[in-house]
file protein_33.cif (mmCIF, N, CA and C atoms)
data_structure
loop_
_atom_site.label_atom_id
_atom_site.label_comp_id
_atom_site.auth_asym_id
_atom_site.auth_seq_id
_atom_site.Cartn_x
_atom_site.Cartn_y
_atom_site.Cartn_z
N MET A 110 79.62 -120.94 47.07
CA MET A 110 80.49 -120.52 46.01
C MET A 110 81.68 -121.49 45.88
N PHE A 111 82.21 -121.94 47.03
CA PHE A 111 83.35 -122.85 47.00
C PHE A 111 82.96 -124.17 46.32
N GLU A 112 81.76 -124.63 46.58
CA GLU A 112 81.30 -125.86 45.93
C GLU A 112 81.27 -125.69 44.41
N ALA A 113 80.73 -124.60 43.93
CA ALA A 113 80.65 -124.35 42.49
C ALA A 113 82.04 -124.26 41.86
N LEU A 114 82.97 -123.58 42.52
CA LEU A 114 84.34 -123.48 42.01
C LEU A 114 85.00 -124.86 41.94
N THR A 115 84.81 -125.64 42.98
CA THR A 115 85.41 -126.98 43.02
C THR A 115 84.84 -127.86 41.92
N LEU A 116 83.54 -127.87 41.77
CA LEU A 116 82.92 -128.70 40.73
C LEU A 116 83.36 -128.24 39.35
N GLY A 117 83.54 -126.94 39.18
CA GLY A 117 84.04 -126.42 37.90
C GLY A 117 85.42 -126.93 37.57
N VAL A 118 86.28 -127.06 38.59
CA VAL A 118 87.63 -127.61 38.38
C VAL A 118 87.51 -129.05 37.87
N PHE A 119 86.65 -129.83 38.48
CA PHE A 119 86.54 -131.24 38.11
C PHE A 119 85.79 -131.44 36.79
N GLU A 120 85.00 -130.50 36.39
CA GLU A 120 84.24 -130.63 35.14
C GLU A 120 85.12 -130.45 33.91
N VAL A 121 86.21 -129.73 34.02
CA VAL A 121 87.06 -129.44 32.86
C VAL A 121 87.44 -130.74 32.16
N GLY A 122 87.11 -130.83 30.89
CA GLY A 122 87.43 -132.01 30.10
C GLY A 122 86.39 -133.11 30.21
N LEU A 123 85.38 -132.90 31.01
CA LEU A 123 84.32 -133.90 31.20
C LEU A 123 82.97 -133.25 30.99
N SER A 124 81.93 -134.00 31.20
CA SER A 124 80.59 -133.41 31.10
C SER A 124 80.05 -133.13 32.50
N TRP A 125 79.16 -132.18 32.58
CA TRP A 125 78.55 -131.86 33.87
C TRP A 125 77.77 -133.05 34.41
N SER A 126 77.22 -133.86 33.55
CA SER A 126 76.45 -135.02 34.04
C SER A 126 77.34 -135.98 34.83
N VAL A 127 78.59 -136.12 34.43
CA VAL A 127 79.53 -136.97 35.17
C VAL A 127 79.78 -136.37 36.55
N VAL A 128 80.02 -135.07 36.60
CA VAL A 128 80.30 -134.40 37.87
C VAL A 128 79.08 -134.44 38.78
N PHE A 129 77.93 -134.09 38.26
CA PHE A 129 76.72 -134.08 39.09
C PHE A 129 76.34 -135.47 39.54
N GLY A 130 76.68 -136.49 38.76
CA GLY A 130 76.42 -137.87 39.17
C GLY A 130 77.25 -138.29 40.37
N LYS A 131 78.30 -137.54 40.65
CA LYS A 131 79.18 -137.85 41.77
C LYS A 131 79.09 -136.78 42.86
N LEU A 132 78.07 -135.98 42.84
CA LEU A 132 77.96 -134.84 43.74
C LEU A 132 78.01 -135.24 45.21
N ASP A 133 77.24 -136.25 45.59
CA ASP A 133 77.25 -136.67 47.00
C ASP A 133 78.63 -137.14 47.42
N ALA A 134 79.31 -137.85 46.54
CA ALA A 134 80.66 -138.32 46.85
C ALA A 134 81.63 -137.15 46.97
N PHE A 135 81.50 -136.15 46.11
CA PHE A 135 82.34 -134.97 46.22
C PHE A 135 82.10 -134.26 47.55
N ARG A 136 80.85 -134.17 47.95
CA ARG A 136 80.55 -133.50 49.23
C ARG A 136 81.19 -134.25 50.39
N ARG A 137 81.15 -135.57 50.35
CA ARG A 137 81.81 -136.35 51.41
C ARG A 137 83.33 -136.17 51.34
N ALA A 138 83.88 -136.27 50.14
CA ALA A 138 85.33 -136.20 49.97
C ALA A 138 85.90 -134.85 50.38
N PHE A 139 85.17 -133.80 50.07
CA PHE A 139 85.66 -132.45 50.36
C PHE A 139 84.91 -131.82 51.53
N ARG A 140 84.53 -132.68 52.46
CA ARG A 140 84.00 -132.27 53.78
C ARG A 140 82.88 -131.24 53.68
N ASP A 141 81.90 -131.59 52.82
CA ASP A 141 80.74 -130.72 52.59
C ASP A 141 81.14 -129.33 52.12
N PHE A 142 82.30 -129.25 51.47
CA PHE A 142 82.82 -127.99 50.93
C PHE A 142 82.99 -126.93 52.01
N ASN A 143 83.30 -127.38 53.20
CA ASN A 143 83.64 -126.47 54.30
C ASN A 143 85.05 -125.96 54.01
N ILE A 144 85.17 -124.68 53.77
CA ILE A 144 86.42 -124.10 53.31
C ILE A 144 87.57 -124.35 54.29
N ALA A 145 87.33 -124.13 55.56
CA ALA A 145 88.40 -124.31 56.55
C ALA A 145 88.83 -125.77 56.62
N LYS A 146 87.88 -126.68 56.55
CA LYS A 146 88.22 -128.11 56.62
C LYS A 146 88.99 -128.55 55.38
N VAL A 147 88.60 -128.06 54.23
CA VAL A 147 89.32 -128.42 53.00
C VAL A 147 90.73 -127.83 53.02
N ALA A 148 90.85 -126.60 53.48
CA ALA A 148 92.17 -125.97 53.54
C ALA A 148 93.11 -126.71 54.49
N ALA A 149 92.54 -127.41 55.46
CA ALA A 149 93.36 -128.15 56.43
C ALA A 149 93.74 -129.55 55.94
N MET A 150 93.23 -129.94 54.77
CA MET A 150 93.55 -131.27 54.25
C MET A 150 95.04 -131.34 53.91
N THR A 151 95.58 -132.55 54.00
CA THR A 151 97.02 -132.76 53.84
C THR A 151 97.32 -133.61 52.60
N ASP A 152 98.60 -133.84 52.36
CA ASP A 152 99.02 -134.73 51.28
C ASP A 152 98.45 -136.13 51.47
N ARG A 153 98.32 -136.54 52.70
CA ARG A 153 97.72 -137.85 53.00
C ARG A 153 96.27 -137.91 52.50
N ASP A 154 95.54 -136.81 52.69
CA ASP A 154 94.17 -136.74 52.18
C ASP A 154 94.16 -136.81 50.66
N VAL A 155 95.10 -136.13 50.02
CA VAL A 155 95.19 -136.19 48.55
C VAL A 155 95.41 -137.62 48.11
N ASP A 156 96.34 -138.32 48.76
CA ASP A 156 96.61 -139.72 48.41
C ASP A 156 95.37 -140.59 48.59
N ARG A 157 94.62 -140.34 49.65
CA ARG A 157 93.39 -141.10 49.91
C ARG A 157 92.34 -140.81 48.83
N LEU A 158 92.18 -139.55 48.47
CA LEU A 158 91.17 -139.18 47.48
C LEU A 158 91.51 -139.71 46.09
N VAL A 159 92.78 -139.78 45.76
CA VAL A 159 93.19 -140.32 44.47
C VAL A 159 92.78 -141.80 44.35
N GLN A 160 92.63 -142.47 45.47
CA GLN A 160 92.23 -143.88 45.48
C GLN A 160 90.71 -144.06 45.61
N ASP A 161 89.97 -142.99 45.76
CA ASP A 161 88.52 -143.07 45.99
C ASP A 161 87.78 -143.18 44.66
N PRO A 162 87.21 -144.35 44.34
CA PRO A 162 86.54 -144.52 43.05
C PRO A 162 85.20 -143.78 42.93
N SER A 163 84.72 -143.21 44.03
CA SER A 163 83.43 -142.52 43.97
C SER A 163 83.54 -141.09 43.44
N ILE A 164 84.78 -140.58 43.30
CA ILE A 164 84.98 -139.23 42.76
C ILE A 164 85.86 -139.32 41.51
N ILE A 165 86.06 -138.19 40.86
CA ILE A 165 86.99 -138.09 39.74
C ILE A 165 88.38 -138.03 40.35
N ARG A 166 89.21 -139.03 40.06
CA ARG A 166 90.47 -139.21 40.76
C ARG A 166 91.66 -138.60 40.01
N ASN A 167 91.58 -137.34 39.76
CA ASN A 167 92.67 -136.64 39.10
C ASN A 167 93.48 -135.90 40.16
N ARG A 168 94.70 -136.36 40.39
CA ARG A 168 95.54 -135.78 41.45
C ARG A 168 95.69 -134.27 41.30
N GLY A 169 95.88 -133.80 40.10
CA GLY A 169 96.05 -132.37 39.88
C GLY A 169 94.83 -131.57 40.27
N LYS A 170 93.66 -132.09 39.92
CA LYS A 170 92.42 -131.39 40.27
C LYS A 170 92.16 -131.45 41.77
N ILE A 171 92.46 -132.57 42.38
CA ILE A 171 92.30 -132.69 43.83
C ILE A 171 93.24 -131.72 44.53
N ARG A 172 94.49 -131.72 44.13
CA ARG A 172 95.46 -130.83 44.76
C ARG A 172 95.10 -129.36 44.52
N ALA A 173 94.65 -129.04 43.33
CA ALA A 173 94.26 -127.65 43.04
C ALA A 173 93.11 -127.21 43.94
N THR A 174 92.18 -128.11 44.17
CA THR A 174 91.05 -127.78 45.04
C THR A 174 91.52 -127.52 46.46
N ILE A 175 92.37 -128.37 46.96
CA ILE A 175 92.84 -128.23 48.33
C ILE A 175 93.82 -127.08 48.48
N ASP A 176 94.81 -127.01 47.62
CA ASP A 176 95.87 -126.01 47.76
C ASP A 176 95.44 -124.61 47.38
N LYS A 177 94.80 -124.47 46.26
CA LYS A 177 94.54 -123.14 45.73
C LYS A 177 93.16 -122.62 46.10
N ARG A 178 92.13 -123.35 45.72
CA ARG A 178 90.77 -122.84 45.90
C ARG A 178 90.43 -122.60 47.37
N ALA A 179 90.75 -123.55 48.21
CA ALA A 179 90.39 -123.39 49.62
C ALA A 179 91.07 -122.18 50.22
N ARG A 180 92.34 -122.02 49.94
CA ARG A 180 93.06 -120.89 50.52
C ARG A 180 92.61 -119.55 49.92
N ASP A 181 92.31 -119.54 48.62
CA ASP A 181 91.79 -118.32 48.00
C ASP A 181 90.45 -117.96 48.60
N GLU A 182 89.61 -118.95 48.80
CA GLU A 182 88.29 -118.70 49.36
C GLU A 182 88.39 -118.14 50.77
N ILE A 183 89.33 -118.64 51.54
CA ILE A 183 89.48 -118.12 52.89
C ILE A 183 89.87 -116.65 52.85
N ARG A 184 90.78 -116.30 51.95
CA ARG A 184 91.18 -114.90 51.83
C ARG A 184 90.01 -114.03 51.39
N ILE A 185 89.17 -114.55 50.52
CA ILE A 185 88.01 -113.79 50.04
C ILE A 185 86.95 -113.70 51.14
N ALA A 186 86.73 -114.80 51.85
CA ALA A 186 85.64 -114.86 52.82
C ALA A 186 85.96 -114.10 54.11
N GLU A 187 87.20 -114.06 54.53
CA GLU A 187 87.53 -113.45 55.81
C GLU A 187 87.09 -111.99 55.92
N PRO A 188 87.37 -111.12 54.95
CA PRO A 188 86.89 -109.74 55.09
C PRO A 188 85.37 -109.66 55.18
N TRP A 189 84.68 -110.54 54.46
CA TRP A 189 83.22 -110.56 54.51
C TRP A 189 82.75 -110.93 55.91
N ARG A 190 83.38 -111.95 56.51
CA ARG A 190 83.00 -112.37 57.86
C ARG A 190 83.27 -111.24 58.85
N ALA A 191 84.35 -110.53 58.68
CA ALA A 191 84.66 -109.42 59.59
C ALA A 191 83.59 -108.34 59.51
N ARG A 192 83.12 -108.03 58.31
CA ARG A 192 82.06 -107.03 58.15
C ARG A 192 80.77 -107.51 58.80
N GLN A 193 80.48 -108.80 58.74
CA GLN A 193 79.26 -109.34 59.33
C GLN A 193 79.27 -109.17 60.85
N VAL A 194 80.41 -109.30 61.47
CA VAL A 194 80.53 -109.17 62.92
C VAL A 194 80.31 -107.74 63.34
N LEU A 195 80.82 -106.80 62.58
CA LEU A 195 80.67 -105.37 62.90
C LEU A 195 79.24 -104.98 62.67
#

call {"tool": "encode", "arguments": {"input": "protein_33.cif", "output": "structure tokens"}}
result
Amino acid sequence: MFEALTLGVFEVGLSWSVVFGKLDAFRRAFRDFNIAKVAAMTDRDVDRLVQDPSIIRNRGKIRATIDKRARDEIRIAEPWRARQVL
């Protein structure tokens, strides 16, 4: 789900073919869409990704993915994980 949300952020204003053409690069850049790893990314990571020509280098979209989506996903996923343990 996190991967789909992230790709949707980057697709805005572009075509899906552009986003899907960069899918492998997005997976590398956003740590295989591992929510905890993305949430731990820093401003330094944002600066690095803005310079990465293999992805869509929109600082706002990169920051939104790291700051908002990752943290929202963690809040959504945690109760689910707790139920799985019980």

call {"tool": "resolve_selection", "arguments": {"input": "protein_33.cif", "expression": "the PyMOL selection byres (((chain A and resi 119 and name CA) around 12) and name CA)", "output": "ChimeraX atom specification"}}
result
/A:112-118,120-129,131-132,135,164-174

call {"tool": "atom_distance", "arguments": {"input": "protein_33.cif", "atom1": "atom CA of A:Ala134", "atom2": "atom CA of A:Arg157"}}
result
13.4 Å

call {"tool": "atom_distance", "arguments": {"input": "protein_33.cif", "atom1": "atom N of A:Ile144", "atom2": "atom N of A:Pro162"}}
result
21.9 Å

call {"tool": "atom_distance", "arguments": {"input": "protein_33.cif", "atom1": "atom N of A:Asp152", "atom2": "atom CA of A:Asp133"}}
result
22.2 Å
